[in-house]
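Accompanying notes for the structure given below.
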Amino acid sequence: MKVGIAGGIGSGKSYVAARLAARGISVYDCDAAAKRLMRTSAQLRRQLTALVGPDCYRRDEAGLYTLNKGAVSRFLLASADNQQAINAIVHPAVFADFVGSGLSWLESAIMYESGADRYVDRVVVVSAPLEVRIGRIMRRDAISRSQALQWIDHQLPQDEVRRRADFEVVNDGLHDIDKQINIILEQLSCNRPF
């Protein structure tokens with residue numbers, strides 16, 4: 001069985017994935033994979049440069065390419081069409097990489113927007129109150145409140161993700177995460193590594 005972990009930016013998906021890892025369950029991180037593939041795939045680099053422009057990548061002293069996050073973020077946030085254009089390049093590469101990974105769990109902030117839900121049998125949403133999410137994003141990325149809200153607004157509303165998911169982990173600092181995970185694993189009849 002393939003299981004997806006969904007939830008908006010700042011909800012705590014990575015923390016839940018780490019708690020699963022402590023149980024021996026490896027989780028494919030779509031964000032990390034996308035960053036890795038955008039850095040290492042010459043094909044993605046060519047496609048993204050053609051789309052975003054010549055400042056999409058920089059070359060360091062060793063001749064290695066690094067993604068210019070500022071240029072890509074500005075392009076992404078400029079319009080929904082820009083976001084869709086980048087996603088049409090990156091998402092298929094990520095999903096092919098997941099299929100080839102042999103892993104059964106997948107973490108994605110944009111599970112439904114990206115189509116990642118087509119690659120899993122069940123979805124667990126990680127949710128948190130809006131103010132908690134904003135605080136987490138601001139601290140993690142050293143950005144302003146308005147920038148954090150801009151990222152949140154570019155994703156499906158948490159209530160919609162909740163409605164579509166099969167299970168929920170509430171990550172508000174009050175609920176016991178491990179207890180919630182144990183209940184979900186029992187319900188999935190998979191309290192062992194896949």
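Following the order of the structure tokens, first chain is A, next is B, and so on, with residues numbered from 1 inside each chain and ligands from 1 in the order they appear.
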
Would you write out, as a tab-separated table, a table of all residues in stretch 30-134 of chain A that have an atom no more than 8 Å from an atom of stretch 148-156 of chain A, listing for each the closest atom pair and the distance in Å to one decimal, considering only C-alpha atoms and ordering rows by chain and rising residue number?
```
residue	atom	partner	partner_atom	distance
A:Leu77	CA	A:His154	CA	7.9
A:Ile110	CA	A:Gln155	CA	6.7
A:Glu113	CA	A:Leu156	CA	7.3
A:Ile134	CA	A:Ala148	CA	5.9
```

The selected residues should be written to file as a PDB file, in the first residue's frame (atoms: N, CA, C and O atoms).
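Saved file result04.pdb follows:
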```pdb
ATOM      1  N   LEU A  77       5.435  33.106  -7.942  1.00  0.00           N
ATOM      2  CA  LEU A  77       4.407  33.895  -7.273  1.00  0.00           C
ATOM      3  C   LEU A  77       3.786  34.966  -8.166  1.00  0.00           C
ATOM      4  O   LEU A  77       2.773  35.561  -7.798  1.00  0.00           O
ATOM      5  N   ILE A 110       1.751  19.767  -1.693  1.00  0.00           N
ATOM      6  CA  ILE A 110       0.719  20.030  -2.707  1.00  0.00           C
ATOM      7  C   ILE A 110       0.229  18.708  -3.296  1.00  0.00           C
ATOM      8  O   ILE A 110       0.203  18.520  -4.508  1.00  0.00           O
ATOM      9  N   GLU A 113      -2.904  19.314  -5.637  1.00  0.00           N
ATOM     10  CA  GLU A 113      -2.611  20.252  -6.716  1.00  0.00           C
ATOM     11  C   GLU A 113      -1.643  19.646  -7.728  1.00  0.00           C
ATOM     12  O   GLU A 113      -1.730  19.899  -8.916  1.00  0.00           O
ATOM     13  N   ILE A 134       1.976  30.028  10.248  1.00  0.00           N
ATOM     14  CA  ILE A 134       2.653  31.278   9.893  1.00  0.00           C
ATOM     15  C   ILE A 134       3.932  31.434  10.708  1.00  0.00           C
ATOM     16  O   ILE A 134       4.995  31.743  10.157  1.00  0.00           O
TER      17      ILE A 134
END
```

Per residue of stretch 86-145 of chain A within 10 Å of stretch 35-52 of chain A, note the shortest atom pair and the distance in Å to one decimal, counting only C-alpha atoms, and order the rows by chain and increasing residue number, as JSON lines.
```
{"residue": "A:Ile86", "atom": "CA", "partner": "A:Leu48", "partner_atom": "CA", "distance": 7.1}
{"residue": "A:Ile89", "atom": "CA", "partner": "A:Leu44", "partner_atom": "CA", "distance": 7.1}
{"residue": "A:Val90", "atom": "CA", "partner": "A:Leu44", "partner_atom": "CA", "distance": 7.2}
{"residue": "A:Ala93", "atom": "CA", "partner": "A:Leu37", "partner_atom": "CA", "distance": 7.6}
{"residue": "A:Val94", "atom": "CA", "partner": "A:Leu37", "partner_atom": "CA", "distance": 7.5}
{"residue": "A:Asp97", "atom": "CA", "partner": "A:Leu37", "partner_atom": "CA", "distance": 8.9}
```

Using N, CA and C atoms, can you write the selected residues to a file as a short mmCIF file (atom, residue, chain, number, x, y, z; two decimals), in the first residue's frame?
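Saved the output as selection.cif:
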```cif
data_model
loop_
_atom_site.label_atom_id
_atom_site.label_comp_id
_atom_site.auth_asym_id
_atom_site.auth_seq_id
_atom_site.Cartn_x
_atom_site.Cartn_y
_atom_site.Cartn_z
N ILE A 86 5.85 25.74 -14.27
CA ILE A 86 6.96 25.10 -13.55
C ILE A 86 6.54 23.71 -13.09
N ILE A 89 6.76 20.91 -15.52
CA ILE A 89 8.12 20.43 -15.78
C ILE A 89 8.61 19.56 -14.63
N VAL A 90 8.43 20.04 -13.40
CA VAL A 90 9.05 19.40 -12.24
C VAL A 90 8.28 18.18 -11.75
N ALA A 93 8.85 14.63 -13.26
CA ALA A 93 10.18 14.11 -12.91
C ALA A 93 10.19 13.58 -11.48
N VAL A 94 9.53 14.28 -10.56
CA VAL A 94 9.47 13.85 -9.16
C VAL A 94 8.70 12.55 -9.04
N ASP A 97 10.62 9.64 -10.20
CA ASP A 97 11.66 9.34 -9.22
C ASP A 97 11.06 8.58 -8.03
#
```

Task: Test item: residues at most 6 Å from stretch 11-17 of chain A, only C-alpha atoms, excluding those fewer than 4 positions along its chain, as an NGL selection string - done: :A and (7 or 126-128 or 133)

Task: For atom CA of A:Arg136 and atom CA of A:Gly10, the interatomic separation in Å (one decimal) - done: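 Straight-line distance from atom CA of A:Arg136 to atom CA of A:Gly10 works out to 5.6 Å.
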
- [ ] Could you pull out the residues in chain A that DSSP calls strand (DSSP E or B) from the backbone, as a list in words?
- [x] Val3, Gly4, Ile5, Ala6, Val27, Tyr28, Asp29, Tyr57, Arg58, Arg59, Tyr65, Thr66, Leu67, Trp105, Leu106, Glu107, Arg122, Val123, Val124, Val125, Val126, Ser127, Phe167, Glu168, Val169 and Val170 of chain A

TODO: Please provide the set of residues having any atom within 7 Å of A:Ala109, restricted to only C-alpha atoms, with same-chain residues fewer than 4 positions apart removed, written as an MDAnalysis selection string.
DONE: chainID A and resid 6:9

Task: Who sits within 6 Å of A:Cys30, only C-alpha atoms, same chain under 4 positions skipped, as number ranges by chain - done: A: 34, 107-108

Task: Nearest candidate to A:Val3 (options A:Val27, A:Ile143, A:Ala80, A:Val72; using only C-alpha atoms) - done: A:Val27
